[in-house]
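start31.cif (mmCIF, C-alpha atoms) appears below.
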data_input
#
loop_
_atom_site.label_atom_id
_atom_site.label_comp_id
_atom_site.auth_asym_id
_atom_site.auth_seq_id
_atom_site.Cartn_x
_atom_site.Cartn_y
_atom_site.Cartn_z
CA MET A 185 21.58 42.62 -153.11
CA SER A 186 17.90 43.31 -152.84
CA THR A 187 17.50 43.94 -156.57
CA ARG A 188 18.88 42.69 -159.84
CA GLU A 189 18.12 45.87 -161.77
CA PRO A 190 20.99 47.15 -163.99
CA ILE A 191 21.77 50.29 -162.03
CA ILE A 192 25.07 51.81 -161.00
CA GLN A 193 25.11 52.08 -157.22
CA GLU A 194 27.70 54.13 -155.32
CA SER A 195 29.28 53.12 -152.00
CA GLY A 196 31.59 54.75 -151.06
CA PRO A 197 61.71 57.81 -161.61
CA THR A 198 63.41 54.56 -161.30
CA GLU A 199 64.82 51.64 -163.27
CA ALA A 200 62.66 49.35 -161.20
CA TYR A 201 59.42 47.85 -162.40
CA GLU A 202 57.03 50.31 -163.98
CA PRO A 203 53.64 48.65 -164.52
CA SER A 204 52.22 48.46 -168.00
CA HIS A 205 49.17 50.66 -167.92
CA PRO A 206 46.46 49.13 -170.05
CA THR A 207 46.35 52.37 -172.03
CA GLY A 208 50.07 52.94 -172.45
CA ALA A 209 52.85 54.87 -170.76
CA VAL A 210 53.00 57.18 -167.77
CA ASP A 211 50.73 60.23 -168.05
CA GLU A 212 52.80 63.03 -169.56
CA ASP A 213 52.11 65.31 -166.59
CA SER A 214 53.18 62.69 -164.04
CA THR A 215 56.46 61.29 -162.77
CA ALA A 216 57.08 57.70 -161.68
CA THR A 217 58.66 56.78 -158.36
CA ARG A 218 58.64 54.13 -155.64
CA ARG A 219 57.25 55.29 -152.29
CA ASP A 220 54.69 54.36 -149.67
CA ALA A 221 51.01 54.95 -150.43
CA ASP A 222 48.30 54.14 -147.92
CA THR A 223 44.79 52.83 -148.44
CA THR A 224 43.14 56.23 -148.85
CA GLU A 225 45.73 57.65 -151.23
CA SER A 226 45.75 54.48 -153.34
CA ALA A 227 41.97 54.41 -153.69
CA ARG A 228 41.71 58.10 -154.56
CA ALA A 229 44.50 57.92 -157.13
CA ASN A 230 43.28 54.79 -158.86
CA ARG A 231 39.63 55.83 -158.98
CA GLY A 232 40.73 59.04 -160.71
CA TRP A 233 43.13 57.28 -163.06
CA TRP A 234 40.58 54.75 -164.27
CA ASP A 235 37.89 57.41 -164.63
CA ARG A 236 40.24 59.44 -166.84
CA ASN A 237 41.54 56.51 -168.86
CA ALA A 238 38.55 54.19 -169.19
CA ASP A 239 37.66 55.51 -172.65
CA ASP A 240 41.14 54.84 -174.04
CA TYR A 241 41.25 51.43 -172.36
CA GLN A 242 38.00 50.31 -173.95
CA VAL A 243 39.02 51.63 -177.37
CA GLU A 244 42.41 49.90 -177.25
CA HIS A 245 41.43 46.59 -175.67
CA GLY A 246 37.69 46.29 -176.22
CA THR A 247 38.07 44.06 -179.27
CA PHE A 248 40.35 41.62 -177.45
CA LEU A 249 38.12 41.54 -174.37
CA GLY A 250 34.90 41.38 -176.35
CA ASP A 251 31.52 42.40 -174.95
CA ASP A 252 30.81 39.11 -173.21
CA ARG A 253 34.05 37.15 -173.01
CA PHE A 254 35.78 35.98 -169.81
CA VAL A 255 39.54 36.45 -170.28
CA TRP A 256 41.88 36.04 -167.30
CA GLY A 257 44.75 38.16 -168.64
CA PRO A 258 46.83 39.37 -171.60
CA GLU A 259 47.77 35.80 -172.52
CA GLY A 260 44.15 35.28 -173.53
CA LEU A 261 43.34 32.35 -171.24
CA ASP A 262 39.58 32.00 -171.54
CA GLU A 263 37.31 30.71 -168.78
CA VAL A 264 35.55 28.60 -171.41
CA GLU A 265 38.72 26.49 -171.55
CA ALA A 266 40.12 27.02 -168.05
CA GLU A 267 36.92 26.29 -166.05
CA LEU A 268 38.53 27.78 -162.93
CA LEU A 269 35.10 28.69 -161.58
CA GLY A 270 33.80 25.25 -162.50
CA PRO A 271 32.24 23.70 -165.61
CA PRO A 272 30.09 26.26 -167.46
CA GLU A 273 27.04 24.02 -167.12
CA ASP A 274 27.39 24.20 -163.32
CA LEU A 275 27.27 28.01 -163.25
CA ALA A 276 23.53 28.24 -163.93
CA GLY A 277 21.69 29.69 -160.96
CA LYS A 278 24.89 30.68 -159.12
CA ASP A 279 25.23 34.12 -157.54
CA VAL A 280 28.60 35.50 -158.65
CA LEU A 281 30.43 38.69 -157.66
CA GLU A 282 32.94 40.15 -160.12
CA ILE A 283 35.36 42.54 -158.40
CA GLY A 284 37.15 45.21 -160.44
CA ALA A 285 34.80 44.39 -163.29
CA GLY A 286 35.64 47.28 -165.60
CA ALA A 287 33.06 47.16 -168.40
CA ALA A 288 31.70 43.87 -166.98
CA GLN A 289 32.68 41.66 -169.92
CA CYS A 290 33.27 38.69 -167.62
CA SER A 291 29.96 39.21 -165.87
CA ARG A 292 28.06 39.19 -169.15
CA TRP A 293 29.71 35.88 -170.07
CA LEU A 294 28.64 34.50 -166.70
CA ALA A 295 25.09 35.70 -167.28
CA ALA A 296 25.06 33.91 -170.63
CA GLN A 297 25.81 30.67 -168.76
CA GLY A 298 22.75 31.21 -166.58
CA ALA A 299 24.59 32.64 -163.57
CA ARG A 300 23.38 35.70 -161.65
CA PRO A 301 26.43 37.99 -161.66
CA VAL A 302 26.93 41.39 -160.04
CA ALA A 303 29.72 43.59 -161.48
CA LEU A 304 31.53 45.87 -159.01
CA ASP A 305 34.15 48.49 -159.78
CA LEU A 306 35.66 51.57 -158.15
CA SER A 307 35.55 53.55 -161.40
CA HIS A 308 32.31 55.27 -162.36
CA ARG A 309 33.48 55.73 -165.94
CA GLN A 310 34.29 52.05 -166.38
CA LEU A 311 30.79 51.17 -165.21
CA GLN A 312 29.34 53.68 -167.65
CA HIS A 313 31.02 51.67 -170.39
CA ALA A 314 29.47 48.54 -168.92
CA GLN A 315 26.04 50.17 -169.10
CA ARG A 316 26.71 51.37 -172.65
CA ILE A 317 27.53 47.85 -173.82
CA GLN A 318 24.46 46.30 -172.26
CA ASP A 319 21.97 49.05 -173.15
CA GLY A 320 19.15 47.35 -175.02
CA ALA A 321 20.55 43.88 -174.38
CA ALA A 322 18.30 41.07 -173.27
CA VAL A 323 20.49 40.31 -170.24
CA GLN A 324 21.15 43.12 -167.80
CA VAL A 325 23.96 42.75 -165.24
CA PRO A 326 23.62 44.80 -162.02
CA LEU A 327 26.45 47.34 -161.75
CA VAL A 328 27.75 48.50 -158.37
CA GLU A 329 30.26 51.30 -157.77
CA ALA A 330 32.14 50.54 -154.55
CA ASP A 331 35.53 49.92 -152.98
CA ALA A 332 36.62 46.27 -152.87
CA GLY A 333 37.68 46.76 -149.26
CA ALA A 334 34.13 47.62 -148.18
CA LEU A 335 31.76 45.42 -150.16
CA PRO A 336 28.15 46.65 -149.84
CA PHE A 337 26.59 43.18 -149.55
CA ARG A 338 25.25 41.03 -146.73
CA ALA A 339 27.31 38.09 -145.49
CA GLY A 340 26.77 34.94 -147.50
CA SER A 341 25.36 36.67 -150.59
CA PHE A 342 27.36 34.85 -153.28
CA ASP A 343 28.36 31.35 -154.32
CA LEU A 344 31.42 32.48 -156.30
CA ALA A 345 33.63 35.55 -156.69
CA CYS A 346 36.14 36.44 -159.39
CA SER A 347 38.51 39.21 -160.39
CA ALA A 348 40.47 39.33 -163.65
CA TYR A 349 43.26 41.84 -163.06
CA GLY A 350 40.85 43.91 -160.98
CA ALA A 351 41.19 45.65 -157.61
CA LEU A 352 43.85 43.59 -155.81
CA PRO A 353 46.96 45.07 -157.48
CA PHE A 354 45.70 48.56 -156.70
CA VAL A 355 44.81 48.33 -152.99
CA ALA A 356 47.19 48.82 -150.08
CA ASP A 357 45.46 46.37 -147.70
CA GLN A 358 44.92 43.27 -149.78
CA VAL A 359 44.07 41.05 -146.81
CA LYS A 360 41.17 43.39 -146.03
CA VAL A 361 39.79 42.77 -149.53
CA LEU A 362 40.18 39.01 -149.15
CA ARG A 363 38.39 39.07 -145.80
CA GLU A 364 35.55 41.04 -147.35
CA VAL A 365 35.26 38.49 -150.15
CA HIS A 366 35.31 35.70 -147.55
CA ARG A 367 32.48 37.44 -145.69
CA VAL A 368 30.17 37.76 -148.69
CA LEU A 369 30.74 34.20 -149.92
CA ARG A 370 28.63 31.29 -148.79
CA PRO A 371 30.27 28.26 -147.13
CA GLY A 372 32.53 26.47 -149.57
CA GLY A 373 32.51 29.44 -151.96
CA ARG A 374 35.32 29.85 -154.47
CA PHE A 375 37.27 33.04 -155.24
CA VAL A 376 39.51 33.15 -158.30
CA PHE A 377 41.64 36.22 -159.06
CA SER A 378 44.39 37.06 -161.55
CA VAL A 379 47.19 39.60 -161.18
CA THR A 380 50.46 40.49 -162.84
CA HIS A 381 52.88 37.69 -162.02
CA PRO A 382 55.04 38.91 -159.10
CA ILE A 383 58.29 37.99 -160.87
CA ARG A 384 57.59 40.75 -163.41
CA TRP A 385 58.46 43.37 -160.78
CA ALA A 386 62.14 42.41 -161.09
CA PHE A 387 62.22 43.19 -164.84
CA PRO A 388 61.82 46.40 -166.83
CA ASP A 389 58.26 46.45 -168.12
CA GLU A 390 59.12 46.41 -171.81
CA PRO A 391 57.80 43.97 -174.42
CA GLY A 392 61.13 43.59 -176.26
CA PRO A 393 64.56 42.17 -175.36
CA GLU A 394 65.20 45.04 -172.95
CA GLY A 395 62.47 43.54 -170.76
CA LEU A 396 64.34 40.28 -170.22
CA SER A 397 67.11 41.39 -167.83
CA VAL A 398 66.58 41.74 -164.09
CA SER A 399 66.84 45.40 -163.06
CA ALA A 400 65.33 45.57 -159.57
CA SER A 401 64.87 43.51 -156.45
CA TYR A 402 61.95 41.12 -156.54
CA PHE A 403 61.79 41.53 -152.76
CA ASP A 404 61.26 45.32 -152.82
CA ARG A 405 57.61 45.78 -151.80
CA THR A 406 57.69 49.58 -152.12
CA PRO A 407 54.62 50.62 -154.14
CA TYR A 408 54.96 51.98 -157.65
CA VAL A 409 53.49 55.49 -157.71
CA GLU A 410 52.89 58.06 -160.40
CA GLN A 411 52.49 61.55 -158.95
CA ASP A 412 51.80 65.06 -160.14
CA ASP A 413 54.01 68.13 -159.69
CA GLU A 414 52.72 68.60 -156.14
CA GLY A 415 53.54 65.04 -155.13
CA ARG A 416 49.94 63.79 -155.15
CA ALA A 417 49.57 60.21 -156.35
CA VAL A 418 47.60 59.80 -159.58
CA TYR A 419 48.22 56.05 -159.96
CA VAL A 420 49.37 53.41 -157.46
CA GLU A 421 50.19 49.73 -157.80
CA HIS A 422 51.25 47.47 -154.94
CA HIS A 423 53.75 44.62 -155.22
CA ARG A 424 53.42 41.31 -153.40
CA THR A 425 55.78 38.37 -153.82
CA VAL A 426 54.34 34.92 -154.52
CA GLY A 427 54.87 34.02 -150.87
CA ASP A 428 53.13 37.22 -149.76
CA ARG A 429 50.11 36.40 -151.87
CA VAL A 430 49.87 32.88 -150.50
CA ARG A 431 50.03 34.23 -146.95
CA ASP A 432 47.44 36.89 -147.82
CA VAL A 433 45.08 34.23 -149.14
CA VAL A 434 45.38 32.25 -145.91
CA ALA A 435 45.08 35.37 -143.72
CA GLY A 436 41.94 36.29 -145.67
CA GLY A 437 40.28 33.03 -144.71
CA PHE A 438 40.89 30.94 -147.83
CA ARG A 439 42.61 27.74 -148.86
CA LEU A 440 44.77 27.96 -151.97
CA VAL A 441 43.52 25.24 -154.32
CA ASP A 442 45.68 26.03 -157.35
CA LEU A 443 48.06 28.60 -158.79
CA ILE A 444 47.90 28.95 -162.56
CA GLU A 445 50.73 30.55 -164.57
CA PRO A 446 49.34 30.73 -168.12
CA GLU A 447 51.75 30.02 -170.94
CA TRP A 448 51.68 32.33 -173.95
CA PRO A 449 49.64 30.67 -176.73
CA ALA A 450 50.87 30.53 -180.31
CA TRP A 451 47.74 32.25 -181.62
CA ASN A 452 48.27 35.41 -179.54
CA THR A 453 50.57 37.72 -181.50
CA GLN A 454 49.60 40.98 -179.80
CA GLU A 455 51.60 43.15 -177.43
CA TRP A 456 49.78 44.62 -174.43
CA GLY A 457 52.05 47.04 -172.60
CA GLY A 458 54.89 44.91 -171.26
CA TRP A 459 53.18 41.65 -172.20
CA SER A 460 54.31 40.17 -175.50
CA PRO A 461 54.93 36.82 -177.23
CA LEU A 462 58.67 37.26 -176.69
CA ARG A 463 58.44 37.70 -172.94
CA GLY A 464 55.46 35.40 -172.53
CA ASN A 465 57.37 32.46 -173.98
CA LEU A 466 60.20 32.95 -171.46
CA ILE A 467 58.78 34.25 -168.19
CA PRO A 468 55.25 34.17 -166.74
CA GLY A 469 53.19 37.32 -167.10
CA SER A 470 50.10 36.45 -165.06
CA ALA A 471 49.32 34.51 -161.90
CA ILE A 472 45.83 33.17 -161.21
CA PHE A 473 45.01 32.19 -157.64
CA VAL A 474 42.22 29.66 -157.19
CA CYS A 475 40.95 29.87 -153.62
CA GLU A 476 38.14 28.30 -151.60
CA ARG A 477 36.54 29.71 -148.50
CA ASP A 478 37.96 28.06 -145.39
CA ASP A 479 34.86 27.46 -143.30
CA ARG A 480 36.99 26.95 -140.19
CA VAL A 481 37.76 30.67 -140.19
#

Conversion result in structure tokens:
Amino acid sequence: MSTREPIIQESGPTEAYEPSHPTGAVDEDSTATRRDADTTESARANRGWWDRNADDYQVEHGTFLGDDRFVWGPEGLDEVEAELLGPPEDLAGKDVLEIGAGAAQCSRWLAAQGARPVALDLSHRQLQHAQRIQDGAAVQVPLVEADAGALPFRAGSFDLACSAYGALPFVADQVKVLREVHRVLRPGGRFVFSVTHPIRWAFPDEPGPEGLSVSASYFDRTPYVEQDDEGRAVYVEHHRTVGDRVRDVVAGGFRLVDLIEPEWPAWNTQEWGGWSPLRGNLIPGSAIFVCERDDRV
């Protein structure tokens, strides 16, 4: 980017798995199904969903996420402890891109370590919350509204990239996103992203005992879609198996350095949609992919 000013910039029914929306259940005017949804439909639906639900999301989960905390998922794994982007003392002076940043909590933590983060999200309303939180703050994180599949940055703009449950689950062409991240990273750059653990798609998304029995095929990649009465998608989530994600990482120009499956910590007693202590102690809820740019690509 040519500026570091804090300004929002614009770029452009089944028993199977039903994702746990961060704000709760299916919209009352929508029905859930499994059907194909292309890149355009997915982007339009999810931009609208997050714009409509950002307020509720921040009210419900803002305390857990904090204003400047870097949490990788509902388990509460904190980057302070995980150091998946590297030791905090090594982040100073690094240019970092956060993709699917929401209210940019992770970016503000990075800024506090001396990094130079940029927070990108598809949702205008989420970025308005980011601006609200940092209004009057000493550190201002640049906010960019854009699609993760068309990053508005020059090649080699960043040292690191990260995404905590942002963007990748919601896009139809995930390799395209990975290739874009590869393009904007400098040689040797690291990209770390977290998503719902793929095994969760085989289970009902319920926090109690009913969420512990397999009810659908893990190998069914048909997207989960919520649609209105006219059949227009209002929310879309795309399933990839573990093997799919590894192949996507490689096809995107990265080497997979590590795959983290956080265990549920004893201190975390909260339920977050289908994530809960009961399920978290038995099956993984999140998968974190630690990738490095393959400079041979």

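Here the PyMOL selection byres ((chain A and resi 339-351) around 6) catches exactly these residues: Trp256, Lys278, Asp279, Val280, Leu281, Glu282, Ile283, Gly284, Arg338, Leu352, Pro353, Phe354, Arg367, Val368, Leu369, Arg370, Gly373, Arg374, Phe375, Val376, Phe377, Ser378 and Val379 of chain A.
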
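The two atoms in question, CA of Leu268 (chain A) and CA of Val474 (chain A), are spaced 7.1 Å apart.
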
Given the file above and the PyMOL selection byres ((chain A and resi 318) around 12), which residues are selected, and can you give them as an mmCIF file with C-alpha atoms, keeping the file's coordinate frame?
data_model
loop_
_atom_site.group_PDB
_atom_site.id
_atom_site.type_symbol
_atom_site.label_atom_id
_atom_site.label_comp_id
_atom_site.auth_asym_id
_atom_site.auth_seq_id
_atom_site.Cartn_x
_atom_site.Cartn_y
_atom_site.Cartn_z
ATOM 1 C CA PRO A 190 20.990 47.150 -163.990
ATOM 2 C CA ILE A 191 21.770 50.290 -162.030
ATOM 3 C CA ASP A 251 31.520 42.400 -174.950
ATOM 4 C CA ASP A 252 30.810 39.110 -173.210
ATOM 5 C CA ALA A 287 33.060 47.160 -168.400
ATOM 6 C CA ALA A 288 31.700 43.870 -166.980
ATOM 7 C CA GLN A 289 32.680 41.660 -169.920
ATOM 8 C CA SER A 291 29.960 39.210 -165.870
ATOM 9 C CA ARG A 292 28.060 39.190 -169.150
ATOM 10 C CA TRP A 293 29.710 35.880 -170.070
ATOM 11 C CA ALA A 295 25.090 35.700 -167.280
ATOM 12 C CA LEU A 311 30.790 51.170 -165.210
ATOM 13 C CA GLN A 312 29.340 53.680 -167.650
ATOM 14 C CA HIS A 313 31.020 51.670 -170.390
ATOM 15 C CA ALA A 314 29.470 48.540 -168.920
ATOM 16 C CA GLN A 315 26.040 50.170 -169.100
ATOM 17 C CA ARG A 316 26.710 51.370 -172.650
ATOM 18 C CA ILE A 317 27.530 47.850 -173.820
ATOM 19 C CA ASP A 319 21.970 49.050 -173.150
ATOM 20 C CA GLY A 320 19.150 47.350 -175.020
ATOM 21 C CA ALA A 321 20.550 43.880 -174.380
ATOM 22 C CA ALA A 322 18.300 41.070 -173.270
ATOM 23 C CA VAL A 323 20.490 40.310 -170.240
ATOM 24 C CA GLN A 324 21.150 43.120 -167.800
ATOM 25 C CA VAL A 325 23.960 42.750 -165.240
ATOM 26 C CA PRO A 326 23.620 44.800 -162.020
ATOM 27 C CA LEU A 327 26.450 47.340 -161.750
#

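Closest to His245 (chain A) among A:Val426, A:Gly286, A:Trp385, A:Thr217 is A:Gly286, based on all atoms listed in the file.
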
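Of the listed residues (A:Leu335, A:Ala435, A:Val441, A:Ile472), A:Ile472 comes nearest to Val255 (chain A); the distances count all atoms listed in the file.
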
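The spacing separating CA of Val365 (chain A) from CA of Arg384 (chain A) amounts to 26.1 Å.
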
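The space between CA of Gly270 (chain A) and CA of Val361 (chain A) spans 22.6 Å.
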
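Picked by the PyMOL selection byres ((chain A and resi 305) around 6) from the coordinates shown: Gly284, Ala285, Leu304, Leu306, Ser307, Glu329 and Ala330 of chain A.
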
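The smallest atom-to-atom distance between Ala332 (chain A) and any of A:Asn237, A:Pro301, A:Thr223, A:Gln411, using all atoms listed in the file, is found for A:Thr223.
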
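In terms of minimum interatomic distance to Arg309 (chain A), A:Val328 ranks closest within A:Val355, A:Ile383, A:Leu294, A:Val328, counting all atoms listed in the file.
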